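Shown next: coords.txt, given as compact mmCIF, C-alpha atoms.
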# COMPACT_ATOMS: atom_id res chain seq x y z
CA MET A 3 -67.28 51.81 39.17
CA ARG A 4 -68.24 52.97 42.63
CA ILE A 5 -66.34 52.05 45.77
CA SER A 6 -69.02 49.47 46.62
CA ASP A 7 -68.50 47.74 43.24
CA LEU A 8 -64.74 47.91 43.72
CA SER A 9 -65.24 46.23 47.09
CA ARG A 10 -67.49 43.53 45.66
CA ARG A 11 -65.19 42.73 42.75
CA SER A 12 -61.98 42.72 44.80
CA GLY A 13 -63.38 41.11 47.94
CA VAL A 14 -61.77 43.90 49.97
CA PRO A 15 -64.14 45.58 52.47
CA VAL A 16 -65.05 49.21 51.78
CA GLY A 17 -63.51 50.28 55.09
CA THR A 18 -60.21 48.70 54.10
CA ILE A 19 -60.32 50.38 50.69
CA LYS A 20 -60.82 53.72 52.41
CA TYR A 21 -57.89 52.94 54.66
CA TYR A 22 -55.72 52.19 51.62
CA LEU A 23 -56.83 55.50 50.08
CA ARG A 24 -55.89 57.38 53.25
CA GLU A 25 -52.56 55.57 53.41
CA ARG A 26 -51.94 56.51 49.76
CA VAL A 27 -51.26 52.98 48.54
CA LEU A 28 -54.38 53.24 46.38
CA PRO A 29 -54.66 56.33 44.16
CA PRO A 30 -57.82 58.41 44.51
CA GLY A 31 -60.71 57.84 42.11
CA THR A 32 -62.14 60.49 39.83
CA PRO A 33 -64.55 62.67 41.84
CA THR A 34 -68.08 62.50 40.44
CA ALA A 35 -70.11 64.12 43.18
CA ARG A 36 -69.72 65.29 46.73
CA ASN A 37 -68.20 62.32 48.59
CA GLN A 38 -68.36 60.08 45.54
CA ALA A 39 -65.70 58.93 43.15
CA GLU A 40 -65.38 56.64 40.19
CA TYR A 41 -62.79 53.85 40.18
CA GLY A 42 -61.36 51.93 37.25
CA ASP A 43 -59.74 48.60 36.49
CA GLU A 44 -56.39 50.04 37.51
CA HIS A 45 -57.77 50.40 41.04
CA LEU A 46 -58.98 46.81 41.04
CA ARG A 47 -55.59 45.62 39.89
CA ARG A 48 -53.80 47.73 42.47
CA LEU A 49 -56.02 46.30 45.22
CA ARG A 50 -55.14 42.78 44.13
CA LEU A 51 -51.46 43.63 44.18
CA ILE A 52 -51.72 45.11 47.69
CA ARG A 53 -53.54 42.00 48.93
CA ALA A 54 -50.98 39.64 47.42
CA LEU A 55 -48.05 41.57 48.88
CA THR A 56 -49.51 42.11 52.35
CA GLY A 57 -51.29 38.75 52.61
CA LEU A 58 -49.21 35.98 51.10
CA GLY A 59 -46.10 38.16 50.95
CA ARG A 60 -46.53 39.38 54.53
CA MET A 61 -45.27 42.86 53.68
CA ASP A 62 -46.37 45.71 55.87
CA LEU A 63 -48.22 48.57 54.22
CA ALA A 64 -45.31 50.98 54.61
CA SER A 65 -43.12 48.62 52.57
CA VAL A 66 -45.82 48.36 49.91
CA ARG A 67 -46.01 52.15 49.77
CA ASP A 68 -42.23 52.36 49.35
CA LEU A 69 -42.35 49.79 46.57
CA LEU A 70 -45.15 51.40 44.53
CA PRO A 71 -43.16 54.28 43.01
CA LEU A 72 -40.58 51.77 41.77
CA ILE A 73 -43.36 49.78 40.13
CA GLU A 74 -44.97 52.86 38.64
CA HIS A 75 -41.95 54.56 37.15
CA ASP A 76 -40.80 52.75 34.07
CA ARG A 77 -37.44 54.44 34.19
CA VAL A 78 -36.49 52.76 37.46
CA PRO A 79 -34.26 49.83 36.45
CA LEU A 80 -35.93 46.48 36.91
CA ARG A 81 -33.13 45.27 39.16
CA ASP A 82 -33.86 48.10 41.58
CA LEU A 83 -37.50 47.06 41.60
CA TYR A 84 -36.57 43.46 42.38
CA GLU A 85 -34.09 44.48 45.01
CA ALA A 86 -36.66 46.65 46.77
CA ALA A 87 -39.26 43.86 46.65
CA ASN A 88 -36.76 41.38 48.05
CA ARG A 89 -35.64 43.78 50.73
CA ALA A 90 -39.22 44.38 51.84
CA VAL A 91 -39.93 40.69 52.43
CA LEU A 92 -36.63 39.90 54.13
CA PRO A 93 -36.90 38.75 57.71
CA GLU A 94 -35.67 41.05 60.41
CA ARG A 95 -32.02 40.93 61.18
CA ALA A 96 -31.42 39.57 64.63
CA PRO A 97 -27.68 39.06 65.08
CA VAL A 98 -27.18 35.74 66.77
CA ALA A 99 -23.41 35.62 66.96
CA ASP A 100 -20.58 37.83 68.10
CA ALA A 101 -18.82 40.04 65.58
CA GLY A 102 -15.82 37.71 65.24
CA SER A 103 -17.91 34.66 64.34
CA LEU A 104 -20.01 36.73 61.97
CA GLU A 105 -16.91 37.94 60.14
CA ARG A 106 -15.65 34.38 59.76
CA ILE A 107 -19.04 33.14 58.57
CA ARG A 108 -19.34 36.04 56.16
CA ALA A 109 -15.99 35.20 54.58
CA GLY A 110 -17.19 31.62 54.07
CA VAL A 111 -20.49 32.81 52.59
CA ASP A 112 -18.70 35.24 50.26
CA ALA A 113 -16.46 32.44 48.98
CA PHE A 114 -19.50 30.17 48.58
CA ILE A 115 -21.33 32.81 46.51
CA ASP A 116 -18.22 33.23 44.35
CA ARG A 117 -18.12 29.48 43.77
CA GLN A 118 -21.67 29.64 42.42
CA GLY A 119 -20.38 32.11 39.84
CA TRP A 120 -22.76 34.77 41.14
CA ARG A 121 -21.68 38.38 41.05
CA VAL A 122 -23.79 40.23 43.59
CA ALA A 123 -23.34 43.45 45.54
CA SER A 124 -21.52 43.18 48.84
CA ASP A 125 -24.57 44.66 50.58
CA ALA A 126 -27.13 42.46 48.78
CA PRO A 127 -29.82 41.72 51.36
CA GLY A 128 -29.73 37.97 50.67
CA ARG A 129 -26.05 37.82 51.54
CA ASP A 130 -26.56 39.12 55.05
CA THR A 131 -29.61 36.93 55.60
CA PHE A 132 -27.68 33.85 54.57
CA VAL A 133 -24.86 34.80 56.98
CA GLN A 134 -27.43 35.15 59.77
CA VAL A 135 -28.95 31.76 58.99
CA VAL A 136 -25.57 30.02 59.12
CA ALA A 137 -24.77 31.83 62.40
CA ALA A 138 -28.12 30.84 63.90
CA LEU A 139 -27.60 27.20 62.91
CA GLN A 140 -24.13 27.20 64.43
CA SER A 141 -25.43 28.74 67.65
CA LEU A 142 -27.80 25.78 67.88
CA GLY A 143 -25.04 23.26 67.34
CA CYS A 144 -25.65 22.61 63.61
CA GLN A 145 -22.13 22.83 62.26
CA LEU A 146 -22.71 22.40 58.56
CA ASP A 147 -20.03 22.77 55.95
CA ILE A 148 -21.09 25.74 53.82
CA ASP A 149 -21.08 23.54 50.73
CA PHE A 150 -23.96 21.66 52.29
CA PHE A 151 -25.98 24.49 50.73
CA ALA A 152 -24.68 23.98 47.19
CA PRO A 153 -27.84 22.06 46.16
CA PHE A 154 -29.91 24.88 47.68
CA ALA A 155 -28.06 27.34 45.44
CA ALA A 156 -28.61 25.10 42.39
CA ALA A 157 -32.31 24.81 43.23
CA ALA A 158 -32.61 28.56 43.76
CA GLN A 159 -30.93 29.24 40.44
CA GLN A 160 -33.24 26.85 38.66
CA VAL A 161 -36.41 28.62 39.83
CA VAL A 162 -34.92 32.07 39.19
CA LEU A 163 -34.11 31.24 35.57
CA ARG A 164 -37.66 30.00 35.19
CA GLU A 165 -38.96 33.26 36.65
CA LEU A 166 -36.75 35.50 34.53
CA ASP A 167 -37.82 33.64 31.38
CA LEU A 168 -41.25 35.22 31.93
CA LEU A 169 -39.78 38.66 31.29
CA PRO A 170 -40.05 39.76 27.67
CA ALA A 171 -36.73 39.76 25.82
CA ASP A 172 -37.61 43.20 24.51
CA GLY A 173 -40.30 45.73 25.12
CA PRO A 174 -42.12 46.87 28.21
CA VAL A 175 -42.30 44.73 31.32
CA ASP A 176 -45.57 44.34 33.22
CA ARG A 177 -43.97 45.73 36.33
CA ASP A 178 -46.62 45.04 38.92
CA ALA A 179 -46.87 41.44 37.74
CA ALA A 180 -43.07 41.20 37.96
CA ALA A 181 -43.09 42.53 41.53
CA ALA A 182 -45.94 40.22 42.54
CA ARG A 183 -44.24 37.22 40.95
CA THR A 184 -40.97 37.67 42.73
CA VAL A 185 -42.78 37.75 46.07
CA LEU A 186 -45.32 35.04 45.29
CA PHE A 187 -42.86 32.62 43.68
CA GLU A 188 -40.90 32.54 46.89
CA VAL A 189 -44.09 31.72 48.80
CA ALA A 190 -44.85 29.00 46.21
CA LEU A 191 -41.38 27.53 46.62
CA GLY A 192 -41.83 27.45 50.39
CA ALA A 193 -45.24 25.78 50.07
CA LEU A 194 -43.84 23.13 47.73
CA ARG A 195 -40.92 22.54 50.09
CA ARG A 196 -43.38 21.77 52.87
CA LEU A 197 -45.37 19.40 50.69
CA ALA A 198 -42.20 17.58 49.60
CA GLN A 199 -41.11 17.45 53.22
CA GLU A 200 -44.37 15.95 54.41
CA HIS A 201 -44.18 13.26 51.74
CA HIS A 202 -40.52 12.36 52.15
CA LEU A 203 -40.55 12.42 55.95
CA ALA A 204 -43.46 9.98 55.92
CA LEU A 205 -41.60 7.79 53.42
CA ARG A 206 -38.49 7.69 55.57
CA GLN A 207 -40.42 6.94 58.68
CA ALA A 208 -42.12 4.09 56.87
CA GLY A 209 -38.63 2.64 56.46
CA HIS A 210 -38.17 3.49 52.81
CA ARG A 211 -35.31 5.42 51.39
CA ASP A 212 -35.48 7.01 48.04
CA GLY A 213 -32.02 7.87 46.99
CA PRO A 214 -29.31 10.26 48.06
CA GLY A 215 -30.20 13.76 49.06
CA SER A 216 -27.88 15.65 46.84
CA MET B 1 -25.09 31.22 85.48
CA ARG B 2 -27.00 34.32 86.50
CA ILE B 3 -29.48 36.10 84.30
CA SER B 4 -26.86 38.76 83.53
CA ASP B 5 -24.44 36.08 82.27
CA LEU B 6 -27.22 34.48 80.28
CA SER B 7 -27.89 37.87 78.71
CA ARG B 8 -24.23 38.47 77.91
CA ARG B 9 -23.70 35.02 76.38
CA SER B 10 -26.92 35.05 74.34
CA GLY B 11 -26.90 38.70 73.35
CA VAL B 12 -30.51 38.92 74.51
CA PRO B 13 -31.23 41.87 76.86
CA VAL B 14 -32.15 40.99 80.47
CA GLY B 15 -35.56 42.65 80.06
CA THR B 16 -36.31 40.45 77.07
CA ILE B 17 -35.23 37.33 78.96
CA LYS B 18 -37.61 38.29 81.77
CA TYR B 19 -40.35 38.77 79.21
CA TYR B 20 -39.68 35.30 77.79
CA LEU B 21 -39.85 33.89 81.34
CA ARG B 22 -43.18 35.59 81.96
CA GLU B 23 -44.48 34.37 78.60
CA ARG B 24 -43.35 30.85 79.53
CA VAL B 25 -41.29 30.26 76.40
CA LEU B 26 -38.18 30.08 78.62
CA PRO B 27 -38.41 27.72 81.61
CA PRO B 28 -37.63 29.21 85.03
CA GLY B 29 -34.13 28.88 86.45
CA THR B 30 -33.32 27.18 89.74
CA PRO B 31 -34.01 29.63 92.59
CA THR B 32 -30.84 30.37 94.56
CA ALA B 33 -31.89 33.34 96.62
CA ARG B 34 -34.72 35.80 96.90
CA ASN B 35 -35.18 37.18 93.37
CA GLN B 36 -32.22 35.22 92.03
CA ALA B 37 -32.03 32.11 89.95
CA GLU B 38 -29.40 30.01 88.29
CA TYR B 39 -29.62 29.25 84.56
CA GLY B 40 -27.94 26.51 82.60
CA ASP B 41 -26.83 25.74 79.07
CA GLU B 42 -30.33 24.52 78.27
CA HIS B 43 -31.56 28.08 78.86
CA LEU B 44 -28.90 29.48 76.56
CA ARG B 45 -29.85 27.01 73.86
CA ARG B 46 -33.54 27.74 74.28
CA LEU B 47 -32.88 31.47 73.96
CA ARG B 48 -30.99 30.87 70.71
CA LEU B 49 -33.87 28.80 69.39
CA ILE B 50 -36.41 31.51 70.29
CA ARG B 51 -34.29 34.16 68.58
CA ALA B 52 -33.90 32.08 65.44
CA LEU B 53 -37.61 31.33 65.21
CA THR B 54 -38.86 34.83 66.00
CA GLY B 55 -36.07 36.70 64.18
CA LEU B 56 -35.14 34.99 60.93
CA GLY B 57 -38.22 32.74 61.04
CA ARG B 58 -40.55 35.66 61.81
CA MET B 59 -42.73 33.53 64.09
CA ASP B 60 -44.70 35.29 66.77
CA LEU B 61 -44.10 34.30 70.36
CA ALA B 62 -47.47 32.54 70.68
CA SER B 63 -46.51 30.24 67.80
CA VAL B 64 -43.17 29.53 69.45
CA ARG B 65 -44.95 28.68 72.70
CA ASP B 66 -47.26 26.30 70.84
CA LEU B 67 -44.31 24.65 69.15
CA LEU B 68 -42.21 24.08 72.27
CA PRO B 69 -44.16 21.16 73.76
CA LEU B 70 -43.85 19.33 70.44
CA ILE B 71 -40.10 19.88 70.54
CA GLU B 72 -39.82 18.81 74.15
CA HIS B 73 -41.87 15.63 74.10
CA ASP B 74 -39.97 12.89 72.35
CA ARG B 75 -43.10 10.88 71.87
CA VAL B 76 -44.65 13.43 69.56
CA PRO B 77 -44.00 12.08 66.05
CA LEU B 78 -41.43 14.07 64.16
CA ARG B 79 -43.85 14.71 61.31
CA ASP B 80 -46.20 16.46 63.73
CA LEU B 81 -43.31 18.62 64.87
CA TYR B 82 -42.46 19.56 61.28
CA GLU B 83 -46.05 20.22 60.43
CA ALA B 84 -46.48 22.53 63.40
CA ALA B 85 -43.27 24.38 62.55
CA ASN B 86 -44.37 24.78 58.94
CA ARG B 87 -47.83 25.89 59.94
CA ALA B 88 -46.42 28.53 62.26
CA VAL B 89 -44.37 30.19 59.54
CA LEU B 90 -47.04 30.06 56.83
CA PRO B 91 -48.27 33.38 55.59
CA GLU B 92 -51.77 34.46 56.46
CA ARG B 93 -54.46 33.22 54.22
CA ALA B 94 -56.06 36.04 52.33
CA PRO B 95 -58.47 34.57 49.79
CA VAL B 96 -57.98 36.44 46.56
CA ALA B 97 -60.49 34.66 44.35
CA ASP B 98 -64.11 33.63 44.42
CA ALA B 99 -65.03 30.15 45.61
CA GLY B 100 -65.57 28.81 42.10
CA SER B 101 -62.13 29.83 40.86
CA LEU B 102 -60.53 28.52 44.03
CA GLU B 103 -62.16 25.11 43.55
CA ARG B 104 -60.91 24.94 39.97
CA ILE B 105 -57.42 26.00 40.99
CA ARG B 106 -57.41 23.55 43.88
CA ALA B 107 -58.27 20.67 41.53
CA GLY B 108 -55.34 21.66 39.31
CA VAL B 109 -53.00 21.91 42.30
CA ASP B 110 -54.14 18.52 43.62
CA ALA B 111 -53.41 16.91 40.25
CA PHE B 112 -50.05 18.65 40.11
CA ILE B 113 -49.09 17.33 43.56
CA ASP B 114 -50.14 13.84 42.48
CA ARG B 115 -47.92 14.14 39.39
CA GLN B 116 -44.95 14.84 41.67
CA GLY B 117 -45.67 11.51 43.33
CA TRP B 118 -46.24 13.24 46.65
CA ARG B 119 -48.77 11.82 49.03
CA VAL B 120 -49.78 14.60 51.40
CA ALA B 121 -52.81 15.28 53.57
CA SER B 122 -55.68 17.11 51.91
CA ASP B 123 -55.44 19.80 54.59
CA ALA B 124 -51.64 20.12 54.43
CA PRO B 125 -50.92 23.83 54.96
CA GLY B 126 -48.62 24.03 51.93
CA ARG B 127 -51.42 22.85 49.65
CA ASP B 128 -53.71 25.73 50.53
CA THR B 129 -50.88 28.25 50.36
CA PHE B 130 -49.97 27.06 46.88
CA VAL B 131 -53.61 27.37 45.79
CA GLN B 132 -53.68 30.93 47.13
CA VAL B 133 -50.49 31.82 45.28
CA VAL B 134 -51.85 30.55 41.98
CA ALA B 135 -55.11 32.43 42.60
CA ALA B 136 -53.24 35.65 43.44
CA LEU B 137 -51.14 35.34 40.28
CA GLN B 138 -54.24 34.79 38.16
CA SER B 139 -55.97 37.78 39.73
CA LEU B 140 -52.99 39.86 38.58
CA GLY B 141 -53.18 38.52 35.06
CA CYS B 142 -50.36 35.94 35.33
CA GLN B 143 -52.04 32.94 33.74
CA LEU B 144 -49.39 30.28 34.18
CA ASP B 145 -49.90 26.65 33.35
CA ILE B 146 -49.59 24.80 36.65
CA ASP B 147 -46.73 22.73 35.24
CA PHE B 148 -44.74 25.93 35.07
CA PHE B 149 -44.06 25.08 38.72
CA ALA B 150 -42.67 21.59 38.05
CA PRO B 151 -39.05 22.81 38.33
CA PHE B 152 -40.01 24.52 41.61
CA ALA B 153 -41.27 21.17 42.90
CA ALA B 154 -38.07 19.44 41.77
CA ALA B 155 -35.97 22.12 43.45
CA ALA B 156 -38.02 21.89 46.64
CA GLN B 157 -37.65 18.14 46.72
CA GLN B 158 -33.89 18.39 46.25
CA VAL B 159 -33.43 20.62 49.29
CA VAL B 160 -35.84 18.58 51.39
CA LEU B 161 -33.93 15.36 50.75
CA ARG B 162 -30.75 17.15 51.72
CA GLU B 163 -32.43 18.33 54.94
CA LEU B 164 -33.85 14.93 55.84
CA ASP B 165 -30.45 13.31 55.30
CA LEU B 166 -29.35 15.20 58.41
CA LEU B 167 -31.74 13.15 60.54
CA PRO B 168 -30.15 10.08 62.06
CA ALA B 169 -31.28 6.83 60.45
CA ASP B 170 -31.78 5.44 63.95
CA GLY B 171 -31.70 6.79 67.44
CA PRO B 172 -32.81 10.05 69.00
CA VAL B 173 -33.30 13.18 66.93
CA ASP B 174 -32.01 16.53 68.16
CA ARG B 175 -35.49 17.98 68.05
CA ASP B 176 -34.85 21.64 68.57
CA ALA B 177 -32.15 21.58 65.91
CA ALA B 178 -34.62 19.81 63.58
CA ALA B 179 -37.28 22.48 64.23
CA ALA B 180 -34.77 25.30 63.76
CA ARG B 181 -33.41 23.75 60.56
CA THR B 182 -36.78 23.42 58.89
CA VAL B 183 -37.49 27.09 59.52
CA LEU B 184 -33.98 28.37 58.78
CA PHE B 185 -33.43 26.30 55.65
CA GLU B 186 -36.44 27.94 54.08
CA VAL B 187 -34.99 31.35 54.91
CA ALA B 188 -31.65 30.20 53.43
CA LEU B 189 -33.36 29.05 50.24
CA GLY B 190 -35.11 32.42 49.95
CA ALA B 191 -31.84 34.30 50.49
CA LEU B 192 -30.07 32.22 47.84
CA ARG B 193 -32.97 32.76 45.45
CA ARG B 194 -32.51 36.50 45.80
CA LEU B 195 -28.78 36.27 45.23
CA ALA B 196 -29.28 34.13 42.13
CA GLN B 197 -31.92 36.56 40.94
CA GLU B 198 -29.66 39.57 41.35
CA HIS B 199 -26.92 37.87 39.39
CA HIS B 200 -29.04 36.51 36.57
CA LEU B 201 -31.15 39.63 36.15
CA ALA B 202 -27.96 41.66 35.74
CA LEU B 203 -26.65 39.11 33.24
CA ARG B 204 -29.80 39.30 31.17
CA GLN B 205 -29.89 43.04 31.19
CA ALA B 206 -26.30 43.09 30.02
CA GLY B 207 -27.57 41.22 26.96
CA HIS B 208 -26.27 37.81 27.91
CA ARG B 209 -28.37 34.70 28.12
CA ASP B 210 -27.26 31.66 29.96
CA GLY B 211 -29.39 28.82 28.81
CA PRO B 212 -32.99 27.80 29.11
CA GLY B 213 -34.79 28.28 32.36
CA SER B 214 -36.12 24.82 32.91

Starting from the file, lay out its structure as structure tokens.
Amino acid sequence: MRISDLSRRSGVPVGTIKYYLRERVLPPGTPTARNQAEYGDEHLRRLRLIRALTGLGRMDLASVRDLLPLIEHDRVPLRDLYEAANRAVLPERAPVADAGSLERIRAGVDAFIDRQGWRVASDAPGRDTFVQVVAALQSLGCQLDIDFFAPFAAAAQQVVLRELDLLPADGPVDRDAAAARTVLFEVALGALRRLAQEHHLALRQAGHRDGPGS
Amino acid sequence: MRISDLSRRSGVPVGTIKYYLRERVLPPGTPTARNQAEYGDEHLRRLRLIRALTGLGRMDLASVRDLLPLIEHDRVPLRDLYEAANRAVLPERAPVADAGSLERIRAGVDAFIDRQGWRVASDAPGRDTFVQVVAALQSLGCQLDIDFFAPFAAAAQQVVLRELDLLPADGPVDRDAAAARTVLFEVALGALRRLAQEHHLALRQAGHRDGPGS
């Protein structure tokens, strides 16, 4: 199809498609004439992936470009693909505590992760983010016992098992779907959290209680 | 304390503090001399809140400024505060499907939310985000039955109840802690999801299975 058809079918403006071509997140089409090229379904699919990652996933284009080779090369282990996708959508690190407090919090977080039975790398991006969250809460006077988060860990595990069940037990993985899912499922979980929050906050304020929170 | 002490205790550079003052997200100190002002613990706390929201929460400063009056005015209902905080951290909307598909997906999402027993506004920001996620997944060939997300809803509800249990049954709410928690808990949940994913993906690839995913 021509670039105008690609634009119509994807909903992405032609100017943006050209920008993606220049930025090398979209591979070039097959040249058919001077200044014309033919695009295929793989371009349409790639455009949809870019829009999901940069829109709902809020990735910047440089992160998408870094992620693409890991999606494209089947020999890259799937865990490296997931780790790169997760790293790209992690919030900025903004240390909010002095080094001493951070060390203490990190030790607590490490022990908490061990108690979940999770074996993860010491430099796993989620570990540092979780440390930063606990530090930020403490700096604002929220002194929560780390085990407050045990139900969060159980909930997280539940949705992850559900996600990983979508991977085939054997055979090739649809790698761009896998990358999109890991980003989009987190957005879905956040959206559902807000909906549950709206409902339950209204319930509480109406004077009802609906059972313990854990 | 002086601005230099405020900077030292918060870890925020003096130039950034001055920027926050100009942008009116940090209230002015009490003038003590020409070009000098005295700052209090409320400034320190505000700085920590701004850093948590803009750093880990990835809010832009304009969103923080819009949120502050809702935090400061006790008469603003707490649910409006939560809604504003949630709205500020929602990803951009980038429609990824034609209007007809979106309507069909929205009807499915509405029915799904009803099945959870949640009563939420028709324009609740989480509702639209969830619709967009399902549309983005479909555009990438992930045709999931909407009830695939039922465990996500259960997990979301579990962490929300835990969060709302931190609110006092009666009496005044610590409103900036409440706003920070609702943003930071979502970041925590995301971080834990990644840790669980790293662990369980490695387990699966090592040929182990650890039970059904739902």

*Name the residues within 12 Å of (-45.2, 22.2, 58.3), counting all atoms listed in the file in the file's coordinates, and put them as number ranges by chain.*
A: 192-201, 203; B: 67, 78-91, 120-121, 123-127, 129, 179, 182-183, 186

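Going from CA of Arg8 (chain B) to CA of Ala33 (chain B) covers 20.9 Å.
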
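Taking CA of Gly11 (chain B) and CA of Ile71 (chain B) as the two end points, the separation is 23.2 Å.
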
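Pairwise distance (CA of Tyr22 (chain A), CA of Leu49 (chain A)) equals 8.7 Å.
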
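Among the candidates B:Ile113, B:Leu189, B:Val173, B:Leu144, the one nearest to Val160 (chain B) when counting only C-alpha atoms is B:Leu189.
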
*Find, counting all atoms listed in the file, the residue in B:Val25, B:Ile146, B:Ala155, B:Ile50 that gets nearest to Ala177 (chain B).*
B:Ile50

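Residue nearest chain B, chosen from A:Ser103, A:Ser12, A:Thr34, A:Ser6 and counting all atoms listed in the file: A:Ser12.
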
_Nearest residue to chain B from the set A:Leu70, A:Leu58, A:Leu104, A:Ala171 (distances using only C-alpha atoms)_ = A:Leu58

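The shortest atom-to-atom distance to chain A, with only C-alpha atoms taken into account, belongs to B:Ala156 out of B:Ala178, B:Ala156, B:Met1, B:Leu203.
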
Where is the centre and how long are the edges: axis-aligned box on region 185-190 of chain B, 6 Å on each side, Å to one decimal, as AutoDock Vina command-line options:
--center_x -34.0 --center_y 29.4 --center_z 52.8 --size_x 16.8 --size_y 18.1 --size_z 17.7

*With all atoms listed in the file as the basis for distance, which of B:Pro69, B:Tyr19, B:Asp74, B:Leu44 is at the shortest distance from Gly171 (chain B)?*
B:Asp74

_Residues within 9 Å of Leu53 (chain B), please, as JSON, numbers by chain. Count only C-alpha atoms; anything in the same chain fewer than 4 positions from it doesn't count._
{"B": [48, 49, 57, 58, 59, 60, 61, 64, 89, 179, 180, 183, 184]}
